[in-house]
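**Q** Structure provided below as structure tokens; questions to follow.
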Amino acid sequence: MFPSWLSPSSGTVDMSDGRHAVLGTPLRSPLLSDQEEAIFACGCFWGAEKGFWRLPGVVTTAVGYAGGEMTDPTYQQVCSGRTGHTEGVRVVWSTPAIDFSDLLKLFWECHDPTQGDRQGNDSGSQYRSAIYTTTERQMALALASRESYQDQLNSGGYGPITTEIKADQTFYFAEPYHQQYLAKPGSRPYCSAMPTQTALADFEGADYKLPTSVWNQYDWSISHCVLRSDNTPISLS
């Protein structure tokens with residue numbers, strides 16, 4: 001059985017054999033006892049998904065729609081801006097290998113969370129920044145990290161963070177051609193994210209597990225860093 005808030009969409013990969021184009025793992029398998037999941041929205045989901053699938057300890061990722069009112073929306077409907085959904089990435093990870101804190105670090109650093117219903121050249125509510133949690137600890141860490149990051153952004157001259165943080169939002173898988181889009185032959189390299197080049201510092205409850213060598217693989221000072229990086233997961237060896 002799948003969690004009640006996780007819903008299949010009519011235009012998705014087949015539930016029985018849909019596998020991650022890079023990691024080779026099932027897109028929709030039930031969680032194991034040492035796994036967690038959450039949804040992150042940070043602009044166009046193509047580039048966002050690649051940023052997350054490269055992290056050591058991530059089991060699988062998938063793109064889709066969350067935070068809206070319509071049931072089973074299509075890409076075209078979400079793009080209209082009338083369904084209330086944002087483009088998001090569902091991330092499943094192994095808790096012994098990576099902490100939610102690490103995922104929050106990538107989330108805050110990979111885009112500009114102060115832009116409201118916009119990210120770079122993409123505008124509309126479907127591109128808003130959001131974190132949708134599935135546990136009480138995730139919610140506490142998301143809120144604490146937002147407060148900490150806001151202090152850092154203030155020092156850099158940025159405005160208020162507009163990131164939406166909610167619990168247990170229904171996730172609808174996007175159509176097959178969107179899944180791991182940037183890793184597929186013939187894909188159009190595109191990413192709208194505009195990193196602030198502000199690193200997330202320590203915050204209350206944080207328990208980072210990934211070493212500095214992993215974060216050195218992301219250079220947010222380079223335009224479209226995610227697009228320029230390799231598709232393969234980052235190795236700890």
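Residue numbering restarts at 1 for every chain of the structure tokens, chains are lettered A, B, ... in their displayed order, and ligands are numbered from 1 as they appear.
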Tell me, as a ChimeraX atom specification, which residues lie within 12 Å of Asp202 in chain A, counting only C-alpha atoms; anything in the same chain fewer than 3 positions away does not count.
**A** /A:101-102,104-105,141,144-149,151-152,199,205-208
**Q** Output C-alpha atoms of each residue in that selection to a file, as a PDB file, in the first residue's frame.
**A**
ATOM      1  CA  SER A 101      19.375  18.353   7.140  1.00  0.00           C
ATOM      2  CA  ASP A 102      21.542  17.540   4.116  1.00  0.00           C
ATOM      3  CA  LEU A 104      17.558  21.014   3.265  1.00  0.00           C
ATOM      4  CA  LYS A 105      21.072  22.293   2.591  1.00  0.00           C
ATOM      5  CA  LEU A 141      13.945  21.075  10.805  1.00  0.00           C
ATOM      6  CA  ALA A 144      14.417  25.966  11.897  1.00  0.00           C
ATOM      7  CA  SER A 145      16.462  25.952   8.713  1.00  0.00           C
ATOM      8  CA  ARG A 146      14.220  28.611   7.164  1.00  0.00           C
ATOM      9  CA  GLU A 147      14.743  30.879  10.161  1.00  0.00           C
ATOM     10  CA  SER A 148      18.496  30.382  10.029  1.00  0.00           C
ATOM     11  CA  TYR A 149      18.684  30.885   6.272  1.00  0.00           C
ATOM     12  CA  ASP A 151      19.153  35.560   8.850  1.00  0.00           C
ATOM     13  CA  GLN A 152      21.898  34.736   6.373  1.00  0.00           C
ATOM     14  CA  ALA A 199      25.511  28.537   2.149  1.00  0.00           C
ATOM     15  CA  GLY A 205      18.383  20.227  15.254  1.00  0.00           C
ATOM     16  CA  ALA A 206      20.676  19.855  12.248  1.00  0.00           C
ATOM     17  CA  ASP A 207      22.536  16.559  11.905  1.00  0.00           C
ATOM     18  CA  TYR A 208      24.538  16.774   8.699  1.00  0.00           C
TER      19      TYR A 208
END
**Q** Which is closest to Thr86 in chain A among A:Phe100, A:Glu164, A:Thr71, A:Thr114, if we use only C-alpha atoms?
**A**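 Comparing A:Phe100, A:Glu164, A:Thr71, A:Thr114 against Thr86 in chain A, the winner is A:Glu164.
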**Q** Considering only C-alpha atoms, state which residue in the set A:Gln197, A:Thr163, A:Gln119, A:Gln150 is at the smallest distance from Ile131 in chain A.
**A**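 Ranked by minimum distance to Ile131 in chain A, first place goes to A:Thr163.
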**Q** Name the residues of range 9-235 of chain A that fall into helix (DSSP H, G or I) according to DSSP on the backbone, using the chain letters and numbers of this document, as a PyMOL selection string.
**A** chain A and resi 45-53+75-79+100-109+125-127+136-155+176-178+181-183+212-215+225-228
**Q** Just the number, please: distance in Å from CA of Trp93 in chain A to CA of Thr60 in chain A, one decimal.
**A** 7.0 Å
**Q** Would you mind reading off the distance between CA of Trp108 in chain A and CA of Val91 in chain A, one decimal, in Å?
**A**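 Separation of CA of Trp108 in chain A and CA of Val91 in chain A: 15.0 Å.
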**Q** Could you work out how far CA of Gln126 in chain A lies from CA of Glu69 in chain A, giving the answer in Å with one decimal?
**A**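 Value for the CA of Glu69 in chain A-CA of Gln126 in chain A distance: 12.4 Å.
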**Q** Give me the residues near Leu153 in chain A as a ChimeraX atom specification, where near means some atom within 8 Å (using only C-alpha atoms) and where sequence neighbours in that chain fewer than 5 positions away do not count.
**A** /A:158-159,198
**Q** Per residue of range 68-163 of chain A within 9 Å of range 216-223 of chain A, which atom pair is closest and at what distance in Å (one decimal), using only C-alpha atoms, listed by chain and increasing number, as JSON lines?
**A**
{"residue": "A:Glu109", "atom": "CA", "partner": "A:Trp220", "partner_atom": "CA", "distance": 7.7}
{"residue": "A:Cys110", "atom": "CA", "partner": "A:Trp220", "partner_atom": "CA", "distance": 7.0}
{"residue": "A:His111", "atom": "CA", "partner": "A:Trp220", "partner_atom": "CA", "distance": 9.0}
**Q** Tell me which of A:Gln138, A:Ser29, A:Gln115, A:Ser229 sits closest to Pro195 in chain A, counting only C-alpha atoms.
**A**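 Selected residue with least distance to Pro195 in chain A: A:Gln115.
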**Q** Can you work out which one of A:Ala167, A:Ile161, A:Cys42, A:Val78 has the shortest atom-to-atom distance to Ser192 in chain A, counting only C-alpha atoms?
**A**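 Among A:Ala167, A:Ile161, A:Cys42, A:Val78, it is A:Cys42 that comes nearest to Ser192 in chain A.
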**Q** Hey, which of A:Ser125, A:Thr134, A:Asn154, A:Thr196 ends up closest to Phe171 in chain A? Count only C-alpha atoms.
**A**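 Nearest to Phe171 in chain A: A:Thr134.
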**Q** Residues near Gly43 in chain A, anyone? I mean within 9 Å using only C-alpha atoms, not counting same-chain ones fewer than 2 positions away, as a count of residues only.
**A** 22
**Q** DSSP on the backbone: which residues in range 1-236 of chain A end up as strand (DSSP E)? Give the answer as a VMD selection string.
**A** chain A and resid 6 to 7 35 to 41 58 to 66 86 to 94 118 to 119 122 to 123 130 to 133 164 to 167 171 to 173
